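Participant: Handing you a structure now.
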Amino acid sequence: MCGISGYFSPTHFFTPEDLSIMIRSQHHRGPDSEGSFILEGLGLGHNRLSIIDLSERAAQPMHSANGRYVMVFNGEVYNAPEISLLLPKQSG
């Protein structure tokens, strides 16, 4: 099971280093990779346990096609094959 972590801190109580500590403390939940996203007062972290999609395309945090939205989540997207048909093809 993957690990998710994060903070919303408009007063900057939490720092990017705090997010790094959160991510490292959950390494056992997702030893395959880790990722983070930091924006003014917001931090999202993810520890990945690769089971179904082993490609880097499934790495998190995930960004929307236009880059406006970012998310981390834990769980399986049950209609992933259908959704993937709607996504633009990526080279490489």
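By order in the structure tokens, chains are A, B, ...; within a chain, residues start at 1; ligands start at 1, following the order shown.
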Based on the backbone DSSP call, show me all residues of chain A assigned strand (DSSP E), as a PDB file with N, CA and C atoms, in the first residue's frame.
Facilitator:
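Dumped to part.pdb:
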```pdb
ATOM      1  N   GLY A   3       1.991   5.271   0.386  1.00  0.00           N
ATOM      2  CA  GLY A   3       1.853   6.234   1.470  1.00  0.00           C
ATOM      3  C   GLY A   3       1.668   7.622   0.902  1.00  0.00           C
ATOM      4  N   ILE A   4       0.738   8.374   1.468  1.00  0.00           N
ATOM      5  CA  ILE A   4       0.544   9.759   1.052  1.00  0.00           C
ATOM      6  C   ILE A   4       0.750  10.665   2.252  1.00  0.00           C
ATOM      7  N   SER A   5       1.235  11.837   1.990  1.00  0.00           N
ATOM      8  CA  SER A   5       1.459  12.815   3.050  1.00  0.00           C
ATOM      9  C   SER A   5       1.304  14.203   2.465  1.00  0.00           C
ATOM     10  N   GLY A   6       1.179  15.169   3.336  1.00  0.00           N
ATOM     11  CA  GLY A   6       1.079  16.531   2.842  1.00  0.00           C
ATOM     12  C   GLY A   6       0.703  17.515   3.920  1.00  0.00           C
ATOM     13  N   TYR A   7       0.670  18.754   3.509  1.00  0.00           N
ATOM     14  CA  TYR A   7       0.264  19.824   4.414  1.00  0.00           C
ATOM     15  C   TYR A   7      -0.331  20.972   3.613  1.00  0.00           C
ATOM     16  N   PHE A   8      -1.195  21.700   4.273  1.00  0.00           N
ATOM     17  CA  PHE A   8      -1.690  22.978   3.785  1.00  0.00           C
ATOM     18  C   PHE A   8      -1.423  23.944   4.911  1.00  0.00           C
ATOM     19  N   SER A  33       9.426   4.119  -5.168  1.00  0.00           N
ATOM     20  CA  SER A  33       9.814   5.490  -5.521  1.00  0.00           C
ATOM     21  C   SER A  33       9.078   6.454  -4.609  1.00  0.00           C
ATOM     22  N   GLU A  34       9.469   7.697  -4.705  1.00  0.00           N
ATOM     23  CA  GLU A  34       8.785   8.738  -3.939  1.00  0.00           C
ATOM     24  C   GLU A  34       8.743  10.002  -4.777  1.00  0.00           C
ATOM     25  N   GLY A  35       7.798  10.860  -4.454  1.00  0.00           N
ATOM     26  CA  GLY A  35       7.668  12.113  -5.181  1.00  0.00           C
ATOM     27  C   GLY A  35       7.061  13.178  -4.304  1.00  0.00           C
ATOM     28  N   SER A  36       7.236  14.418  -4.698  1.00  0.00           N
ATOM     29  CA  SER A  36       6.660  15.520  -3.931  1.00  0.00           C
ATOM     30  C   SER A  36       6.321  16.681  -4.847  1.00  0.00           C
ATOM     31  N   PHE A  37       5.442  17.515  -4.351  1.00  0.00           N
ATOM     32  CA  PHE A  37       5.050  18.742  -5.028  1.00  0.00           C
ATOM     33  C   PHE A  37       4.940  19.804  -3.950  1.00  0.00           C
ATOM     34  N   ILE A  38       5.588  20.931  -4.180  1.00  0.00           N
ATOM     35  CA  ILE A  38       5.567  22.016  -3.194  1.00  0.00           C
ATOM     36  C   ILE A  38       5.219  23.307  -3.910  1.00  0.00           C
ATOM     37  N   LEU A  39       4.274  24.016  -3.340  1.00  0.00           N
ATOM     38  CA  LEU A  39       3.853  25.321  -3.823  1.00  0.00           C
ATOM     39  C   LEU A  39       3.587  26.154  -2.582  1.00  0.00           C
ATOM     40  N   LEU A  42       1.765  24.814   0.466  1.00  0.00           N
ATOM     41  CA  LEU A  42       1.168  23.513   0.188  1.00  0.00           C
ATOM     42  C   LEU A  42       2.266  22.509  -0.150  1.00  0.00           C
ATOM     43  N   GLY A  43       2.160  21.327   0.418  1.00  0.00           N
ATOM     44  CA  GLY A  43       3.099  20.259   0.096  1.00  0.00           C
ATOM     45  C   GLY A  43       2.362  18.941  -0.029  1.00  0.00           C
ATOM     46  N   LEU A  44       2.650  18.184  -1.068  1.00  0.00           N
ATOM     47  CA  LEU A  44       2.075  16.857  -1.288  1.00  0.00           C
ATOM     48  C   LEU A  44       3.215  15.867  -1.444  1.00  0.00           C
ATOM     49  N   GLY A  45       3.108  14.730  -0.762  1.00  0.00           N
ATOM     50  CA  GLY A  45       4.139  13.709  -0.862  1.00  0.00           C
ATOM     51  C   GLY A  45       3.542  12.347  -1.138  1.00  0.00           C
ATOM     52  N   HIS A  46       4.338  11.486  -1.772  1.00  0.00           N
ATOM     53  CA  HIS A  46       3.855  10.158  -2.113  1.00  0.00           C
ATOM     54  C   HIS A  46       4.991   9.153  -2.068  1.00  0.00           C
ATOM     55  N   ASN A  47       4.734   8.013  -1.469  1.00  0.00           N
ATOM     56  CA  ASN A  47       5.632   6.860  -1.509  1.00  0.00           C
ATOM     57  C   ASN A  47       4.933   5.798  -2.341  1.00  0.00           C
ATOM     58  N   ARG A  48       5.628   5.288  -3.349  1.00  0.00           N
ATOM     59  CA  ARG A  48       4.982   4.410  -4.324  1.00  0.00           C
ATOM     60  C   ARG A  48       5.344   2.945  -4.123  1.00  0.00           C
ATOM     61  N   MET A  62       0.579  13.310  -9.444  1.00  0.00           N
ATOM     62  CA  MET A  62       0.114  13.337 -10.824  1.00  0.00           C
ATOM     63  C   MET A  62      -0.370  14.743 -11.153  1.00  0.00           C
ATOM     64  N   HIS A  63      -0.094  15.153 -12.382  1.00  0.00           N
ATOM     65  CA  HIS A  63      -0.470  16.484 -12.855  1.00  0.00           C
ATOM     66  C   HIS A  63      -1.489  16.333 -13.974  1.00  0.00           C
ATOM     67  N   VAL A  70      -2.879  19.143  -9.398  1.00  0.00           N
ATOM     68  CA  VAL A  70      -1.899  18.168  -8.926  1.00  0.00           C
ATOM     69  C   VAL A  70      -2.567  17.356  -7.834  1.00  0.00           C
ATOM     70  N   MET A  71      -2.306  16.043  -7.815  1.00  0.00           N
ATOM     71  CA  MET A  71      -2.893  15.228  -6.755  1.00  0.00           C
ATOM     72  C   MET A  71      -1.999  14.044  -6.417  1.00  0.00           C
TER      73      MET A  71
END
```
Participant: Within chain A, find each residue whose DSSP state, derived from the backbone, is helix (DSSP H, G or I), and express the selection as a PyMOL selection string.
Facilitator: chain A and resi 16-25+27-29+56-58+80-84
Participant: Using only C-alpha atoms, determine which residues lie at most 12 Å from A:Glu76, disregarding the query and same-chain residues fewer than 6 positions distant; provide the list as a compact mmCIF listing (two decimals) with all heavy atoms, in the first residue's frame.
Facilitator:
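Okay, result.txt is ready:
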```txt
# COMPACT_ATOMS: atom_id res chain seq x y z
N MET A 1 0.84 -1.18 0.00
CA MET A 1 0.00 0.00 0.00
C MET A 1 0.88 1.24 0.00
O MET A 1 1.81 1.34 0.78
CB MET A 1 -0.91 -0.02 1.22
CG MET A 1 -1.85 1.14 1.27
SD MET A 1 -2.98 1.11 2.65
CE MET A 1 -4.01 -0.25 2.21
N CYS A 2 0.59 2.17 -0.87
CA CYS A 2 1.36 3.40 -0.97
C CYS A 2 1.16 4.27 0.26
O CYS A 2 0.27 4.04 1.07
CB CYS A 2 0.90 4.18 -2.20
SG CYS A 2 1.14 3.30 -3.74
N LEU A 49 4.31 2.14 -4.08
CA LEU A 49 4.45 0.69 -4.13
C LEU A 49 3.87 0.27 -5.48
O LEU A 49 2.66 0.31 -5.69
CB LEU A 49 3.68 0.03 -2.99
CG LEU A 49 3.72 -1.49 -2.95
CD1 LEU A 49 5.15 -1.99 -2.78
CD2 LEU A 49 2.85 -2.00 -1.82
N SER A 50 4.74 -0.07 -6.41
CA SER A 50 4.30 -0.39 -7.78
C SER A 50 3.78 -1.83 -7.84
O SER A 50 4.52 -2.76 -7.54
CB SER A 50 5.48 -0.25 -8.75
OG SER A 50 6.00 1.04 -8.70
N ILE A 51 2.53 -1.97 -8.24
CA ILE A 51 1.93 -3.30 -8.35
C ILE A 51 1.36 -3.52 -9.74
O ILE A 51 1.72 -4.48 -10.41
CB ILE A 51 0.84 -3.51 -7.29
CG1 ILE A 51 1.46 -3.45 -5.89
CG2 ILE A 51 0.11 -4.82 -7.51
CD1 ILE A 51 0.48 -3.52 -4.76
N ILE A 52 0.49 -2.65 -10.20
CA ILE A 52 -0.17 -2.86 -11.49
C ILE A 52 0.57 -2.15 -12.61
O ILE A 52 1.04 -2.77 -13.54
CB ILE A 52 -1.65 -2.42 -11.42
CG1 ILE A 52 -2.39 -3.35 -10.45
CG2 ILE A 52 -2.28 -2.46 -12.81
CD1 ILE A 52 -3.82 -3.01 -10.22
N ASP A 53 0.69 -0.85 -12.54
CA ASP A 53 1.39 -0.08 -13.57
C ASP A 53 2.80 0.20 -13.07
O ASP A 53 3.00 1.00 -12.16
CB ASP A 53 0.65 1.23 -13.85
CG ASP A 53 1.23 1.98 -15.04
OD1 ASP A 53 2.34 1.62 -15.49
OD2 ASP A 53 0.58 2.93 -15.50
N ALA A 58 2.95 6.24 -14.09
CA ALA A 58 2.07 6.13 -12.92
C ALA A 58 2.68 6.79 -11.68
O ALA A 58 2.11 6.71 -10.60
CB ALA A 58 1.77 4.67 -12.64
```
Participant: Quick check, in Å to one decimal: how far apart do atom CA of A:Ser20 and atom CA of A:Glu56 lie?
Facilitator: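 Separation of atom CA of A:Ser20 and atom CA of A:Glu56: 20.6 Å.
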Participant: Would you compute the distance between atom CA of A:Ala65 and atom CA of A:Ser84? Give it in Å to one decimal.
Facilitator: 12.4 Å
Participant: Return the single residue from A:Ile21, A:Gly75, A:Gln60, A:Phe13 that is closest to A:Gly41, with distances computed using only C-alpha atoms.
Facilitator: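 Smallest distance to A:Gly41 is found for A:Phe13.
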Participant: What is the atom CA of A:Leu19-atom CA of A:Tyr69 distance in Å, reported with one decimal?
Facilitator: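 Value for the atom CA of A:Leu19-atom CA of A:Tyr69 distance: 19.2 Å.
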